[in-house]
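Novice: Submitted below is the structure of interest, expressed as structure tokens.
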Amino acid sequence: MTKELTYLTIDRQEHLSREDFIQNYLKPKRPVVMRSFAGSWPATQKWTYDYLKAGCGQVEVPLYSEAFANSDNDYLDSTQSMAFGDYLDLIQQGPTPLRMFLFNVFKHMPQLREDFSFPDLGVTFLKNHPFLFVGGQDAYVDIHYDLDHSHVFLTQMTGTKRVVLYDSADRRKLYQHPFTVSCNIDFRNPDLARYPKLKELQGYECILEPGDTIFIPSRWWHFIEYSTAGISLTLRALPESWTERAAGLTSIMKLKVMDQYLGKMIGEKKWYGIKEDWAHARARRA
Ligand SMILES: O=C(O)CCC(=O)C(=O)O
């Protein structure tokens with residue numbers, strides 16, 4: 001196995017106006033890291049481990065560990081559950097692959113909604129769907145894009161993480177499995193002998209620090225690696241056109257209905273193998 005991929009650095013902007021964001025990032029669908037997005041949020045100071053533990057430490061939360069790559073796991077499948085407070089203690093004690101994904105903390109602590117706002121950046125935010133992501137040092141999220149095709153604004157509250165991005169147009173050479181939003185590549189150490197087309201792609205990367213927000217455009221692929229334990233909040237926004245929004249709904253149907261149905265009919269392992277072979281065939285033609 002070789003580790004030869006190189007990445008371009010994602011643009012970083014201290015102060016980004018609404019107009020600059022729309023012209024330079026939203027319209028051309030280019031990622032950017034912004035400091036101004038969450039600049040006035042009390043959340044970046046207030047949402048400490050102790051504060052969240054005091055507010056909803058008793059709530060049982062689903063946890064996810066590594067890997068839908070090299071397995072037939074879906075990226076939305078949890079592996080175990082634990083009281084939120086115990087989980088926060090665990091990640092402060094040392095590295096762990098366990099992480100939380102799409103946690104609706106606001107159901108348990110509605111007061112947290114006062115601690116952030118939706119900046120006017122010319123997008124339609126899905127205001128009922130802010131989510132918390134929490135992970136231990138060394139946890140990672142395999143590369144995928146978001147099922148509903150929404151734009152993602154991910155703000156780092158505590159800790160640091162590395163984000164790797166690929167353009168949506170790269171999906172074939174990323175060996176996307178049909179009927180899914182993911183592939184079988186482990187981006188911690190990509191196997192370029194098995195996935196040679198990766199060498200033809202240009203990926204982007206950045207390190208997110210507390211107070212940074214990354215804009216991940218609709219359908220851009222993302223791999224996330226927790227350099228330290230950390231907490232982040234994602235706000236999501238609809239893509240601009242009705243065609244793109246409709247494609248998001250179709251994508252949910254495809255993954256949630258077709259993929260699962262075929263997995264049950266054919267057998268999960270066999271279906272996974274078929275998708276992997278299919279992905280290689282499409283990549284060869286790309
Ligand atoms: O930061 C994370 O843990 C995962 C974020 C993610 O994959 C997403 O917002 O789609």
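Ordered as shown in the structure tokens, chains take letters A, B, and onward, while each chain numbers its residues from 1 and ligands are numbered from 1 in the order shown.
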Compile the contact shell of segment 216-229 of chain A as a ChimeraX atom specification: residues with an atom at most 7 Å away, counting only C-alpha atoms, same-chain residues fewer than 3 positions apart removed.
Specialist: /A:29-31,91-92,135-146,149-153,159-168,239
Novice: Atoms to include: C-alpha atoms. Write the selected residues as a short mmCIF file (atom, residue, chain, number, x, y, z; two decimals), in the first residue's frame.
Specialist:
data_model
loop_
_atom_site.label_atom_id
_atom_site.label_comp_id
_atom_site.auth_asym_id
_atom_site.auth_seq_id
_atom_site.Cartn_x
_atom_site.Cartn_y
_atom_site.Cartn_z
CA LYS A 29 -19.70 25.14 -5.60
CA ARG A 30 -16.25 25.60 -4.09
CA PRO A 31 -15.49 24.76 -0.47
CA ILE A 91 -13.43 10.71 24.81
CA GLN A 92 -11.69 12.96 27.33
CA GLY A 135 -15.86 12.13 18.33
CA GLY A 136 -12.82 10.84 20.18
CA GLN A 137 -9.24 11.32 19.04
CA ASP A 138 -8.55 8.96 16.09
CA ALA A 139 -12.24 8.53 15.22
CA TYR A 140 -12.93 9.04 11.54
CA VAL A 141 -15.84 9.21 9.15
CA ASP A 142 -15.36 7.27 5.92
CA ILE A 143 -15.64 9.26 2.72
CA HIS A 144 -19.22 9.88 1.55
CA TYR A 145 -21.49 12.68 0.43
CA ASP A 146 -24.72 13.66 2.08
CA HIS A 149 -27.66 16.60 -1.34
CA SER A 150 -27.77 19.48 1.14
CA HIS A 151 -24.92 21.98 1.53
CA VAL A 152 -23.16 21.49 4.86
CA PHE A 153 -21.78 24.23 7.14
CA GLY A 159 -10.97 20.12 19.29
CA THR A 160 -9.51 19.83 15.79
CA LYS A 161 -10.25 17.62 12.82
CA ARG A 162 -8.84 17.05 9.35
CA VAL A 163 -11.24 17.27 6.45
CA VAL A 164 -10.54 15.87 2.97
CA LEU A 165 -12.88 16.81 0.13
CA TYR A 166 -13.46 15.71 -3.46
CA ASP A 167 -15.69 17.30 -6.07
CA SER A 168 -19.01 15.61 -6.83
CA PRO A 239 -29.26 23.28 -2.92
#
Novice: Could you go through segment 29-226 of chain A and tell me which residues DSSP, when run on the backbone, assigns to strand (DSSP E or B), listing them as a PyMOL selection string?
Specialist: chain A and resi 32-34+60-64+80-83+99-103+124-125+131-135+140-144+151-158+161-166+182+203-208+213-216+221-226
Novice: Rank nothing, just name the residue among A:Leu198, A:Val134, A:Leu255, A:Met157 nearest to ligand 1, using only C-alpha atoms and all ligand atoms.
Specialist: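 Ranked by minimum distance to ligand 1, first place goes to A:Val134.
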Novice: Name the residues in contact with Met34 of chain A at a cut-off of 12 Å, using only C-alpha atoms, excluding same-chain residues fewer than 3 positions from it; report them as a PyMOL selection string.
Specialist: chain A and resi 10-18+20-21+25+31+37-39+119+121+153-156+206+208-216
